[in-house]
Each structure stands twice: as C-alpha cells, then as structure tokens.
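As stored in run-v3.pdb (PDB, C-alpha atoms):
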ATOM      1  CA  MET S 211     -17.181  -1.588 -18.915
ATOM      2  CA  THR S 212     -15.140  -4.597 -17.748
ATOM      3  CA  THR S 213     -17.177  -7.075 -15.708
ATOM      4  CA  SER S 214     -16.778 -10.588 -14.307
ATOM      5  CA  PRO S 215     -18.893 -13.634 -15.162
ATOM      6  CA  LEU S 216     -18.666 -14.683 -11.501
ATOM      7  CA  ALA S 217     -19.897 -11.419  -9.942
ATOM      8  CA  ASN S 218     -23.411 -12.619  -9.190
ATOM      9  CA  PRO S 219     -24.879 -14.982  -6.567
ATOM     10  CA  SER S 220     -25.881 -17.821  -8.896
ATOM     11  CA  ALA S 221     -22.519 -18.012 -10.702
ATOM     12  CA  THR S 222     -20.660 -17.898  -7.387
ATOM     13  CA  ARG S 223     -22.768 -20.729  -5.936
ATOM     14  CA  GLU S 224     -22.297 -22.815  -9.070
ATOM     15  CA  MET S 225     -18.530 -22.342  -8.956
ATOM     16  CA  LEU S 226     -18.337 -23.247  -5.264
ATOM     17  CA  GLU S 227     -20.477 -26.330  -5.801
ATOM     18  CA  ALA S 228     -18.600 -27.412  -8.927
ATOM     19  CA  PHE S 229     -15.301 -27.485  -7.053
ATOM     20  CA  GLY S 230     -16.686 -28.647  -3.691
ATOM     21  CA  LEU S 231     -15.635 -25.465  -1.938
ATOM     22  CA  ALA S 232     -16.975 -23.937   1.261
ATOM     23  CA  THR S 233     -16.264 -20.438   2.505
ATOM     24  CA  LYS S 234     -13.533 -20.177   5.125
ATOM     25  CA  HIS S 235     -13.919 -17.196   7.379
ATOM     26  CA  ARG S 236     -10.509 -17.828   8.898
ATOM     27  CA  LEU S 237      -9.044 -16.677   5.595
ATOM     28  CA  GLY S 238     -11.381 -13.712   5.328
ATOM     29  CA  GLN S 239     -13.250 -15.146   2.332
ATOM     30  CA  ASN S 240     -16.374 -13.248   1.370
ATOM     31  CA  PHE S 241     -17.023 -13.505  -2.357
ATOM     32  CA  LEU S 242     -17.890 -10.390  -4.344
ATOM     33  CA  ILE S 243     -21.224 -10.770  -6.183
ATOM     34  CA  ASP S 244     -21.814  -7.270  -7.587
ATOM     35  CA  ASN S 245     -20.559  -6.392 -11.060
ATOM     36  CA  HIS S 246     -21.115  -2.686 -10.435
ATOM     37  CA  VAL S 247     -18.348  -2.892  -7.830
ATOM     38  CA  ILE S 248     -16.117  -4.739 -10.304
ATOM     39  CA  GLU S 249     -16.702  -1.996 -12.876
ATOM     40  CA  ARG S 250     -15.776   0.741 -10.403
ATOM     41  CA  ILE S 251     -12.622  -1.109  -9.336
ATOM     42  CA  MET S 252     -11.581  -1.465 -12.957
ATOM     43  CA  ASP S 253     -12.302   2.211 -13.611
ATOM     44  CA  LEU S 254      -9.988   3.185 -10.748
ATOM     45  CA  ALA S 255      -7.297   0.770 -11.926
ATOM     46  CA  GLU S 256      -7.149   2.437 -15.368
ATOM     47  CA  LEU S 257      -5.618  -0.579 -17.102
ATOM     48  CA  THR S 258      -4.524  -0.148 -20.715
ATOM     49  CA  GLY S 259      -3.792  -3.763 -21.642
ATOM     50  CA  SER S 260      -0.051  -3.868 -21.059
ATOM     51  CA  GLU S 261       0.328  -3.734 -17.277
ATOM     52  CA  ARG S 262       1.691  -6.409 -14.984
ATOM     53  CA  VAL S 263      -0.930  -6.704 -12.240
ATOM     54  CA  LEU S 264      -0.545  -8.403  -8.880
ATOM     55  CA  GLU S 265      -3.626  -9.661  -7.038
ATOM     56  CA  VAL S 266      -3.784 -10.999  -3.481
ATOM     57  CA  GLY S 267      -6.632 -13.186  -2.261
ATOM     58  CA  PRO S 268      -8.329 -14.038  -5.572
ATOM     59  CA  GLY S 269     -10.703 -16.546  -3.997
ATOM     60  CA  ILE S 270     -12.588 -18.222  -6.836
ATOM     61  CA  GLY S 271     -11.338 -15.605  -9.289
ATOM     62  CA  THR S 272     -14.203 -13.095  -9.410
ATOM     63  CA  LEU S 273     -12.011 -10.008  -9.753
ATOM     64  CA  THR S 274      -9.332 -12.055 -11.528
ATOM     65  CA  LEU S 275     -11.609 -12.732 -14.490
ATOM     66  CA  ALA S 276     -12.105  -9.007 -14.955
ATOM     67  CA  LEU S 277      -8.386  -8.253 -14.615
ATOM     68  CA  VAL S 278      -7.308 -10.776 -17.262
ATOM     69  CA  GLN S 279      -9.503  -8.969 -19.789
ATOM     70  CA  ALA S 280      -7.774  -5.628 -19.270
ATOM     71  CA  ALA S 281      -4.197  -6.304 -18.140
ATOM     72  CA  GLY S 282      -1.167  -7.625 -19.952
ATOM     73  CA  ARG S 283      -0.342 -10.138 -17.237
ATOM     74  CA  VAL S 284      -1.991 -11.076 -13.923
ATOM     75  CA  THR S 285      -0.443 -13.050 -11.066
ATOM     76  CA  SER S 286      -2.519 -13.854  -7.986
ATOM     77  CA  ILE S 287      -1.293 -14.982  -4.582
ATOM     78  CA  GLU S 288      -3.696 -17.275  -2.742
ATOM     79  CA  MET S 289      -3.291 -18.663   0.768
ATOM     80  CA  ASP S 290      -5.919 -21.406   0.581
ATOM     81  CA  SER S 291      -4.595 -24.515  -1.181
ATOM     82  CA  GLU S 292      -8.165 -25.800  -1.631
ATOM     83  CA  LEU S 293      -8.668 -23.061  -4.228
ATOM     84  CA  GLU S 294      -5.852 -24.396  -6.399
ATOM     85  CA  PRO S 295      -8.175 -26.409  -8.718
ATOM     86  CA  VAL S 296     -10.396 -23.450  -9.597
ATOM     87  CA  LEU S 297      -7.412 -21.121 -10.112
ATOM     88  CA  SER S 298      -5.723 -23.766 -12.253
ATOM     89  CA  ALA S 299      -8.847 -23.890 -14.410
ATOM     90  CA  HIS S 300      -8.680 -20.112 -14.877
ATOM     91  CA  ALA S 301      -4.992 -20.365 -15.794
ATOM     92  CA  ILE S 302      -5.825 -22.894 -18.523
ATOM     93  CA  ASP S 303      -8.531 -20.612 -19.931
ATOM     94  CA  HIS S 304      -6.435 -17.431 -19.722
ATOM     95  CA  PRO S 305      -2.783 -17.633 -20.869
ATOM     96  CA  ASN S 306      -1.994 -14.237 -19.289
ATOM     97  CA  PHE S 307      -2.872 -15.511 -15.794
ATOM     98  CA  ASN S 308      -0.971 -17.570 -13.244
ATOM     99  CA  PHE S 309      -0.948 -17.850  -9.480
ATOM    100  CA  ILE S 310       1.263 -18.512  -6.485
ATOM    101  CA  LEU S 311       0.051 -20.550  -3.519
ATOM    102  CA  GLY S 312       1.336 -19.088  -0.292
ATOM    103  CA  ASP S 313       1.297 -16.283   2.234
ATOM    104  CA  ALA S 314       1.439 -12.942   0.411
ATOM    105  CA  LEU S 315       3.529 -11.473   3.218
ATOM    106  CA  ALA S 316       6.135 -14.222   2.834
ATOM    107  CA  VAL S 317       6.391 -14.610  -0.939
ATOM    108  CA  PRO S 318       9.698 -13.000  -2.067
ATOM    109  CA  PRO S 319       9.351 -10.074  -4.521
ATOM    110  CA  ALA S 320      11.727 -11.919  -6.865
ATOM    111  CA  GLN S 321       9.288 -14.855  -7.090
ATOM    112  CA  ILE S 322       6.449 -12.459  -7.887
ATOM    113  CA  ALA S 323       8.516 -10.768 -10.610
ATOM    114  CA  GLU S 324       9.385 -14.154 -12.105
ATOM    115  CA  ALA S 325       5.733 -15.187 -12.233
ATOM    116  CA  LEU S 326       4.682 -11.881 -13.795
ATOM    117  CA  GLY S 327       7.492 -11.780 -16.315
ATOM    118  CA  GLY S 328       8.725  -8.553 -14.731
ATOM    119  CA  GLU S 329       8.234  -6.463 -11.641
ATOM    120  CA  PRO S 330       4.607  -5.715 -10.678
ATOM    121  CA  GLU S 331       3.220  -2.351 -11.725
ATOM    122  CA  LEU S 332      -0.194  -2.436 -10.049
ATOM    123  CA  LEU S 333      -1.776  -4.132  -7.060
ATOM    124  CA  VAL S 334      -5.498  -4.686  -7.665
ATOM    125  CA  ALA S 335      -7.193  -6.879  -5.100
ATOM    126  CA  ASN S 336     -10.037  -7.631  -2.753
ATOM    127  CA  LEU S 337      -7.583  -8.074   0.101
ATOM    128  CA  PRO S 338      -7.979 -10.449   3.057
ATOM    129  CA  TYR S 339      -9.191  -7.991   5.674
ATOM    130  CA  ASN S 340      -7.153  -9.371   8.570
ATOM    131  CA  VAL S 341      -3.830  -8.571   6.860
ATOM    132  CA  ALA S 342      -4.839  -5.878   4.364
ATOM    133  CA  ALA S 343      -3.100  -2.930   6.034
ATOM    134  CA  THR S 344       0.148  -4.851   6.423
ATOM    135  CA  ILE S 345       0.098  -6.065   2.811
ATOM    136  CA  ILE S 346      -0.412  -2.576   1.381
ATOM    137  CA  LEU S 347       2.446  -0.992   3.317
ATOM    138  CA  GLN S 348       4.837  -3.908   2.849
ATOM    139  CA  PHE S 349       4.241  -4.072  -0.898
ATOM    140  CA  PHE S 350       4.860  -0.354  -1.375
ATOM    141  CA  GLN S 351       8.001  -0.653   0.738
ATOM    142  CA  THR S 352       9.458  -3.726  -0.960
ATOM    143  CA  MET S 353       8.246  -3.313  -4.555
ATOM    144  CA  PRO S 354       9.433   0.055  -5.874
ATOM    145  CA  SER S 355       7.991  -0.760  -9.300
ATOM    146  CA  LEU S 356       4.475  -0.692  -7.835
ATOM    147  CA  LYS S 357       2.984   2.568  -9.080
ATOM    148  CA  ARG S 358      -0.629   2.140  -8.009
ATOM    149  CA  ALA S 359      -2.840   0.074  -5.733
ATOM    150  CA  VAL S 360      -6.609  -0.313  -6.012
ATOM    151  CA  VAL S 361      -7.682  -2.403  -3.058
ATOM    152  CA  MET S 362     -10.826  -3.434  -1.231
ATOM    153  CA  VAL S 363     -10.362  -3.215   2.534
ATOM    154  CA  GLN S 364     -12.413  -2.926   5.687
ATOM    155  CA  LYS S 365     -13.848   0.584   6.038
ATOM    156  CA  GLU S 366     -11.832   1.278   9.179
ATOM    157  CA  VAL S 367      -8.611   0.464   7.326
ATOM    158  CA  ALA S 368      -9.648   2.754   4.467
ATOM    159  CA  ASP S 369     -10.289   5.473   7.041
ATOM    160  CA  ARG S 370      -6.766   5.034   8.434
ATOM    161  CA  ILE S 371      -5.243   5.100   4.963
ATOM    162  CA  ALA S 372      -7.038   8.316   3.997
ATOM    163  CA  ALA S 373      -7.013  10.043   7.407
ATOM    164  CA  VAL S 374      -5.998  13.668   7.923
ATOM    165  CA  THR S 375      -4.253  15.231  10.892
ATOM    166  CA  SER S 376      -6.031  15.785  14.200
ATOM    167  CA  THR S 377      -8.526  12.972  13.638
ATOM    168  CA  LYS S 378      -8.964   9.706  15.499
ATOM    169  CA  ALA S 379      -8.136   7.617  12.413
ATOM    170  CA  TYR S 380      -4.846   9.443  11.787
ATOM    171  CA  GLY S 381      -1.950   7.480  13.190
ATOM    172  CA  ALA S 382       1.472   5.985  12.600
ATOM    173  CA  TYR S 383       0.167   3.766   9.800
ATOM    174  CA  THR S 384      -1.284   6.759   7.948
ATOM    175  CA  VAL S 385       2.004   8.637   8.073
ATOM    176  CA  LYS S 386       4.192   5.672   7.115
ATOM    177  CA  LEU S 387       2.030   4.773   4.123
ATOM    178  CA  SER S 388       1.971   8.413   3.004
ATOM    179  CA  LEU S 389       5.751   8.237   2.568
ATOM    180  CA  TYR S 390       5.030   5.997  -0.425
ATOM    181  CA  GLY S 391       1.581   6.853  -1.723
ATOM    182  CA  LYS S 392      -1.432   9.133  -1.597
ATOM    183  CA  VAL S 393      -5.130   8.338  -1.846
ATOM    184  CA  THR S 394      -6.567   9.456  -5.190
ATOM    185  CA  GLY S 395      -9.900   7.638  -5.142
ATOM    186  CA  ARG S 396     -12.342   5.894  -2.840
ATOM    187  CA  PHE S 397     -15.842   4.430  -2.760
ATOM    188  CA  GLU S 398     -17.844   2.479  -0.188
ATOM    189  CA  VAL S 399     -19.028  -1.126  -0.631
ATOM    190  CA  PRO S 400     -21.960  -2.357   1.505
ATOM    191  CA  PRO S 401     -22.132  -5.904   2.948
ATOM    192  CA  ARG S 402     -24.905  -6.912   0.510
ATOM    193  CA  CYS S 403     -22.316  -6.942  -2.296
ATOM    194  CA  PHE S 404     -20.717 -10.093  -0.841
ATOM    195  CA  MET S 405     -21.634 -13.710  -0.241
ATOM    196  CA  PRO S 406     -21.765 -14.385   2.618
ATOM    197  CA  ALA S 407     -22.381 -10.804   3.744
ATOM    198  CA  PRO S 408     -19.623  -9.708   6.146
ATOM    199  CA  HIS S 409     -20.391  -8.043   9.465
ATOM    200  CA  VAL S 410     -18.280  -5.025   8.554
ATOM    201  CA  ASP S 411     -18.477  -2.269   5.954
ATOM    202  CA  SER S 412     -15.936  -2.187   3.148
ATOM    203  CA  ALA S 413     -14.335   0.415   0.915
ATOM    204  CA  VAL S 414     -12.167   0.470  -2.184
ATOM    205  CA  VAL S 415      -9.252   2.903  -2.164
ATOM    206  CA  ARG S 416      -6.828   3.872  -4.887
ATOM    207  CA  ILE S 417      -3.313   4.746  -3.750
ATOM    208  CA  ASP S 418      -0.844   6.261  -6.216
ATOM    209  CA  ARG S 419       2.866   6.099  -5.475
ATOM    210  CA  VAL S 420       4.508   9.400  -4.679
ATOM    211  CA  GLY S 421       8.186  10.246  -4.728
ATOM    212  CA  PHE S 422       9.911   9.827  -1.406
ATOM    213  CA  PRO S 423       8.847  13.161   0.108
ATOM    214  CA  GLY S 424      11.057  15.804   1.562
ATOM    215  CA  THR S 425      14.352  14.085   2.256
ATOM    216  CA  LEU S 426      17.462  16.209   2.050
ATOM    217  CA  PRO S 427      18.881  14.396  -1.010
ATOM    218  CA  ASP S 428      15.581  14.587  -2.890
ATOM    219  CA  ARG S 429      15.172  18.299  -2.414
ATOM    220  CA  GLN S 430      18.783  19.092  -3.249
ATOM    221  CA  VAL S 431      18.883  16.892  -6.353
ATOM    222  CA  ASP S 432      15.544  18.234  -7.573
ATOM    223  CA  ALA S 433      16.652  21.833  -7.100
ATOM    224  CA  ALA S 434      19.910  21.434  -9.002
ATOM    225  CA  CYS S 435      19.071  18.767 -11.570
ATOM    226  CA  GLY S 436      15.332  18.887 -12.069
ATOM    227  CA  THR S 437      12.844  16.333 -10.771
ATOM    228  CA  ASP S 438      13.275  13.949 -13.717
ATOM    229  CA  ALA S 439      17.033  14.174 -14.058
ATOM    230  CA  PRO S 440      18.972  10.896 -13.868
ATOM    231  CA  VAL S 441      21.793  11.270 -11.414
ATOM    232  CA  SER S 442      24.970   9.293 -10.984
ATOM    233  CA  THR S 443      25.589   7.276  -7.852
ATOM    234  CA  ALA S 444      26.964   9.236  -4.956
ATOM    235  CA  GLY S 445      30.584   8.727  -4.126
ATOM    236  CA  SER S 446      32.033   8.365  -0.670
ATOM    237  CA  ASP S 447      32.150  12.153  -0.387
ATOM    238  CA  GLY S 448      28.366  12.358  -0.679
ATOM    239  CA  VAL S 449      28.425  14.250  -3.985
ATOM    240  CA  LEU S 450      26.022  13.474  -6.817
ATOM    241  CA  THR S 451      26.608  14.548 -10.425
ATOM    242  CA  CYS S 452      23.750  15.542 -12.725
ATOM    243  CA  ASP S 453      23.769  13.632 -15.989
ATOM    244  CA  SER S 454      20.934  15.271 -17.911
ATOM    245  CA  ASN S 455      20.160  18.382 -19.880
ATOM    246  CA  GLY S 456      17.237  19.112 -17.603
ATOM    247  CA  GLY S 457      19.379  20.932 -15.076
ATOM    248  CA  GLN S 458      22.999  21.867 -14.586
ATOM    249  CA  ASP S 459      24.963  19.453 -16.754
ATOM    250  CA  GLY S 460      27.798  17.964 -14.758
ATOM    251  CA  ALA S 461      26.891  20.000 -11.703
ATOM    252  CA  SER S 462      27.905  18.614  -8.348
ATOM    253  CA  VAL S 463      25.155  18.400  -5.774
ATOM    254  CA  LEU S 464      26.148  18.136  -2.148
ATOM    255  CA  VAL S 465      24.086  15.558  -0.307
ATOM    256  CA  LEU S 466      24.486  15.901   3.405
ATOM    257  CA  ALA S 467      25.625  12.811   5.255
ATOM    258  CA  GLY S 468      23.108  11.291   7.634
ATOM    259  CA  ALA S 469      19.956  12.138   5.682
ATOM    260  CA  PRO S 470      17.123   9.960   6.995
ATOM    261  CA  SER S 471      15.921   6.834   5.249
ATOM    262  CA  ALA S 472      12.292   5.758   5.159
ATOM    263  CA  GLU S 473      13.116   3.406   8.026
ATOM    264  CA  ASP S 474      14.508   6.314  10.046
ATOM    265  CA  ILE S 475      11.350   8.329   9.481
ATOM    266  CA  ALA S 476       9.220   5.327  10.434
ATOM    267  CA  ARG S 477      11.169   5.015  13.680
ATOM    268  CA  VAL S 478      10.434   8.656  14.493
ATOM    269  CA  VAL S 479       6.758   8.195  13.646
ATOM    270  CA  ASP S 480       6.419   5.031  15.735
ATOM    271  CA  ALA S 481       8.044   6.685  18.738
ATOM    272  CA  ALA S 482       5.826   9.750  18.416
ATOM    273  CA  PHE S 483       2.625   7.686  18.312
ATOM    274  CA  ALA S 484       3.741   5.048  20.833
ATOM    275  CA  GLN S 485       1.992   6.872  23.671
ATOM    276  CA  ARG S 486      -0.642   8.780  21.806
ATOM    277  CA  ARG S 487      -2.095  10.623  24.795
ATOM    278  CA  LYS S 488       1.279  12.045  25.751
ATOM    279  CA  THR S 489       3.027  15.015  24.215
ATOM    280  CA  ILE S 490       5.329  14.195  21.335
ATOM    281  CA  ARG S 491       8.368  15.040  23.494
ATOM    282  CA  ASN S 492       7.336  12.682  26.285
ATOM    283  CA  SER S 493       6.313   9.884  23.940
ATOM    284  CA  MET S 494       9.531  10.010  21.924
ATOM    285  CA  SER S 495      11.807  10.366  24.950
ATOM    286  CA  ALA S 496      10.126   7.319  26.489
ATOM    287  CA  ASN S 497      10.870   5.391  23.320
ATOM    288  CA  GLY S 498      14.581   5.799  22.783
ATOM    289  CA  PHE S 499      15.171   9.463  21.904
ATOM    290  CA  ASP S 500      17.324  11.861  23.898
ATOM    291  CA  LYS S 501      15.341  14.776  25.320
ATOM    292  CA  ALA S 502      18.046  17.345  24.648
ATOM    293  CA  ALA S 503      18.358  16.274  21.004
ATOM    294  CA  LEU S 504      14.586  16.342  20.678
ATOM    295  CA  ASP S 505      14.381  19.888  22.035
ATOM    296  CA  VAL S 506      16.939  21.123  19.514
ATOM    297  CA  ALA S 507      15.156  19.339  16.659
ATOM    298  CA  PHE S 508      11.755  20.657  17.700
ATOM    299  CA  ALA S 509      13.103  24.201  17.769
ATOM    300  CA  GLN S 510      14.698  23.822  14.327
ATOM    301  CA  CYS S 511      11.452  22.520  12.840
ATOM    302  CA  GLY S 512       9.106  24.905  14.610
ATOM    303  CA  ILE S 513       7.295  22.012  16.300
ATOM    304  CA  ALA S 514       5.931  22.585  19.795
ATOM    305  CA  PRO S 515       7.245  19.898  22.156
ATOM    306  CA  THR S 516       3.831  19.931  23.833
ATOM    307  CA  ALA S 517       2.097  18.966  20.587
ATOM    308  CA  ARG S 518       0.643  15.509  20.144
ATOM    309  CA  ALA S 519       1.662  13.248  17.310
ATOM    310  CA  GLU S 520      -1.698  13.312  15.547
ATOM    311  CA  THR S 521      -1.332  17.064  14.904
ATOM    312  CA  LEU S 522       1.849  16.667  12.810
ATOM    313  CA  SER S 523       1.708  16.244   9.035
ATOM    314  CA  THR S 524       3.872  13.811   7.104
ATOM    315  CA  SER S 525       6.151  16.638   5.953
ATOM    316  CA  GLU S 526       6.659  17.722   9.560
ATOM    317  CA  PHE S 527       7.645  14.185  10.550
ATOM    318  CA  VAL S 528      10.121  14.124   7.660
ATOM    319  CA  GLN S 529      11.574  17.467   8.768
ATOM    320  CA  LEU S 530      11.859  16.208  12.332
ATOM    321  CA  ALA S 531      13.664  13.073  11.166
ATOM    322  CA  GLU S 532      16.020  15.232   9.086
ATOM    323  CA  ALA S 533      16.850  17.402  12.081
ATOM    324  CA  LEU S 534      17.478  14.358  14.261
ATOM    325  CA  ALA S 535      19.583  12.727  11.546
ATOM    326  CA  ALA S 536      21.699  15.873  11.161
ATOM    327  CA  ALA S 537      22.340  15.746  14.908
ATOM    328  CA  SER S 538      23.230  12.020  14.708
ATOM    329  CA  ALA S 539      20.302  11.342  17.014
ATOM    330  CA  LEU S 540      18.912   8.495  14.904
ATOM    331  CA  SER S 541      21.863   6.140  15.312
TER     332      SER S 541
END

Once you've parsed the file, please lay out its structure as structure tokens.
Amino acid sequence: MTTSPLANPSATREMLEAFGLATKHRLGQNFLIDNHVIERIMDLAELTGSERVLEVGPGIGTLTLALVQAAGRVTSIEMDSELEPVLSAHAIDHPNFNFILGDALAVPPAQIAEALGGEPELLVANLPYNVAATIILQFFQTMPSLKRAVVMVQKEVADRIAAVTSTKAYGAYTVKLSLYGKVTGRFEVPPRCFMPAPHVDSAVVRIDRVGFPGTLPDRQVDAACGTDAPVSTAGSDGVLTCDSNGGQDGASVLVLAGAPSAEDIARVVDAAFAQRRKTIRNSMSANGFDKAALDVAFAQCGIAPTARAETLSTSEFVQLAEALAAASALS
C-alpha cells in the first residue's frame, strides 16, 4: 500500500509550522490527514511506475508524496505562491517531481507537457472545491492524452459527475463530461479526514476516458475499419481510407459533411438544459434553435418534443446533435 508521511495531524502541523504556513480557505485548502484515504486514491489510480501524472492543488504535498513513489513523473499546479518553499523542498528530495505556480485553468497544456516531459496521462488530485468541476471538464477537453482522472471533489460535484437520467443531479455538466469519460469508481470521504474539517462532505471519483461517443464519423469508421484501425486524414471530399489489416484494407469510408463536434453537442445540451422546467422544444427554441428544425430532428430521433432535458441520455443528445447538424441547424 502506498501512503504519505504527511497524512496525519501531527506531521501536517509540523510541516505548516516549519514553513510558517496558515490555511487559506479562499483557496479551498483543507489538508488530508488520513492515510487510508491516500491508499484508496492510489488503488483507484492504478499507477505502474511509468505514468506522467498531473496534480492540481497539492497544498503541502500530502498526496504528492504518495504519487512520487508510484509514478514515473509528477507535476503539480499550485495557486498559492506561499506554498512554493515547501514544494521546492519536495522537488529537491524527489527528482521525478516538479511544480508550476499558477492558475490551473490558465496554464497552457504545452507548459504542462514540457514540465512533465510529455503529455499528461493521469490527473490525480485533491482538487480545490470551488473550481473542481471546471478543471475536470476542461482538462478532458484540452488534454486528449489524459486517460484517467482520480479526483477528490465536493460530494455534490461527485453526484453531478455520476448522475443518471431523471434525477435532480443530472444536468448539462453530467452530459458534457460523459462525452469524454465515464465514472468507474467512487468512495466517500468524511470531514474528519481533513484539517481543518470542511463543512461539506467529499468524495473521490475515478473517471476513465471513453472514445468520443456516437458521432457519425466514429460509427462509420468503426464499422468499416474496426475500432482500432488507424485511418488516413479525410480529404476535402469527406472520404477516409482505412490503413490497417483490421478491416477493409484501402476501403473508402464516406463521412457525412456536417457531423457534430463535441462543441456542437455541448451547445445542444446547454440549450436543452437552459430552462430546465420547460420542455426540451421550448427550452431549445428559446435559446437559438429553429422550432421547425427541432421538430424534424425530434421526429428523426424518436424524442418527444414535450420531454424534459433530464430524461435524455448522452447518446440521445448525440443523436439529436447529429440530426440538427445534418439539417445545417447548428450553424
């Protein structure tokens, strides 16, 4: 079991006193003091010793000191410049660790890749609760190399991440994140595991990246070439050519023009949830979509225009975006 020498109250107090640090609630700093939680986080992370791991909000390095034992390389992003001395001390003691001072939402992915010696493969972090949801989605969107996230978040955020249709927690955020990843693990963390104890409950969730689900190109390429087949870049005519033995060698695959991007799907999702109490037709038409185009798309997808957004699955939102894209109703 991988543990941290700082995951107990006395070691945390000693570290804070040694560096003259005080907790700053404005940055969401509550220090983890339970090694059992560290062990469970590390179990979910499934590190093998070679991975490039990104951490956000390391604080005094409690989780960091467990990560450096199990990962190939660890880079942490920390907002609080007063923590620079303690993180610098960790960097001296652990050659596979470095850190970036700054806002995790503003640090360019290229800077992160440079610090890690390559693109990040995992995000493992006790995230700042006030920006946790935004960080998770943005990192999956902007870092395609990220294959897994194991993150501590506020329980309500974990509920939104893992929500299912027709529940209060299920919303636009749930659907947009599910375009990139699915929850494959979760456990609860009570306030007593932190110092100082927060006034909210916490949870750790594991999110594994999934292939971009259900777009027209994905389904057509997979059907003709196989899911693992490398495919040449599409030409101006929208035709892809299979380049592997896994499917039809040299076969041409027609990719329909106007297939929706992740941004297109997100626009559909946001419009559908914009006025949650309204029907999906009324909410979307009030947020930039033509009613006639919506009616045609609903009919094609078998979606009742009187349905509410929280009753639609991610795949149904993708299908709706495809139908709208085919009708040029997303431009």

Query - Shell around segment 309-326 of chain S at 9 Å using all atoms listed in the file, local window under 2 positions removed, as a PyMOL selection string - result: chain S and resi 262-267+283-291+294+297-298+301+306-307+328-330+341+344-345+348-349+352-353

Query raised in the report: So which residues get picked by the PyMOL selection byres ((chain S and resi 414) around 12) here, written as a VMD selection string?
Result: chain S and resid 247 to 255 334 to 337 339 342 359 to 369 371 to 372 393 to 400 411 to 413 415 to 417

Query raised in the report: So how far away is atom CA of Arg358 of chain S from atom CA of Asp418 of chain S, in Å?
Result: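 If I compute the distance from atom CA of Asp418 of chain S to atom CA of Arg358 of chain S, I get 4.5 Å.
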
**Report entry** Selection under test: the PyMOL selection byres ((chain S and resi 281) around 8); residues as a VMD selection string
**Finding:** chain S and resid 257 to 263 277 to 280 282 to 284

Report task. Measure the distance from atom CA of Gly421 of chain S to atom CA of Arg491 of chain S in Å and round it to one decimal. Result -> 28.6 Å

Report task. Quick one: apply the PyMOL selection byres ((chain S and resi 533) around 12) to the file and drop the selected residues here as a VMD selection string. Result -> chain S and resid 425 to 426 466 468 to 470 474 to 475 478 503 to 513 526 to 532 534 to 540

Requested in this report: Grab the atom CA of Glu227 of chain S to atom CA of Ile270 of chain S distance for me, in Å with one decimal place.
Outcome: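 Distance between the two atoms: 11.4 Å.
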
Report task. Please check which residues have atoms at most 6 Å from (1.4, 6.9, -2.4) in the file's coordinates, counting all atoms listed in the file, and write them as a PyMOL selection string. Result -> chain S and resi 388+390-392+417-420

Query raised in the report: Residues at most 10 Å from Gln351 of chain S, counting only C-alpha atoms, excluding those fewer than 6 positions away in the same chain, as JSON, numbers by chain?
Result: {"S": [345, 386, 387, 389, 390, 472, 473]}

What are the centre and the three edge lengths of an axis-aligned box that wraps all atoms of segment 268-282 of chain S in the file, given that 5 Å is added to every side, written as AutoDock Vina command-line options and rounded to one decimal in Å?
--center_x -7.7 --center_y -11.9 --center_z -12.0 --size_x 23.0 --size_y 22.6 --size_z 26.0

Query raised in the report: Quick one: residues within 9 Å of Val296 of chain S, all atoms listed in the file counted, chain neighbours fewer than 3 positions away excluded, as a PyMOL selection string?
Result: chain S and resi 225+229+269-271+292-293+299-301

Report task. Identify, on the basis of all atoms listed in the file, every residue whose closest approach to Met494 of chain S does not exceed 7 Å; exclude the query and any residue fewer than 5 positions from it along the same chain; express the result as an MDAnalysis selection string. Result -> chainID S and resid 481:482 499

Requested in this report: Select, from S:Asn497, S:Pro295, S:Gln485, S:Thr213, the residue with the minimum atom-to-atom distance to Ala228 of chain S, counting all atoms listed in the file.
Outcome: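 The closest residue to Ala228 of chain S is S:Pro295.
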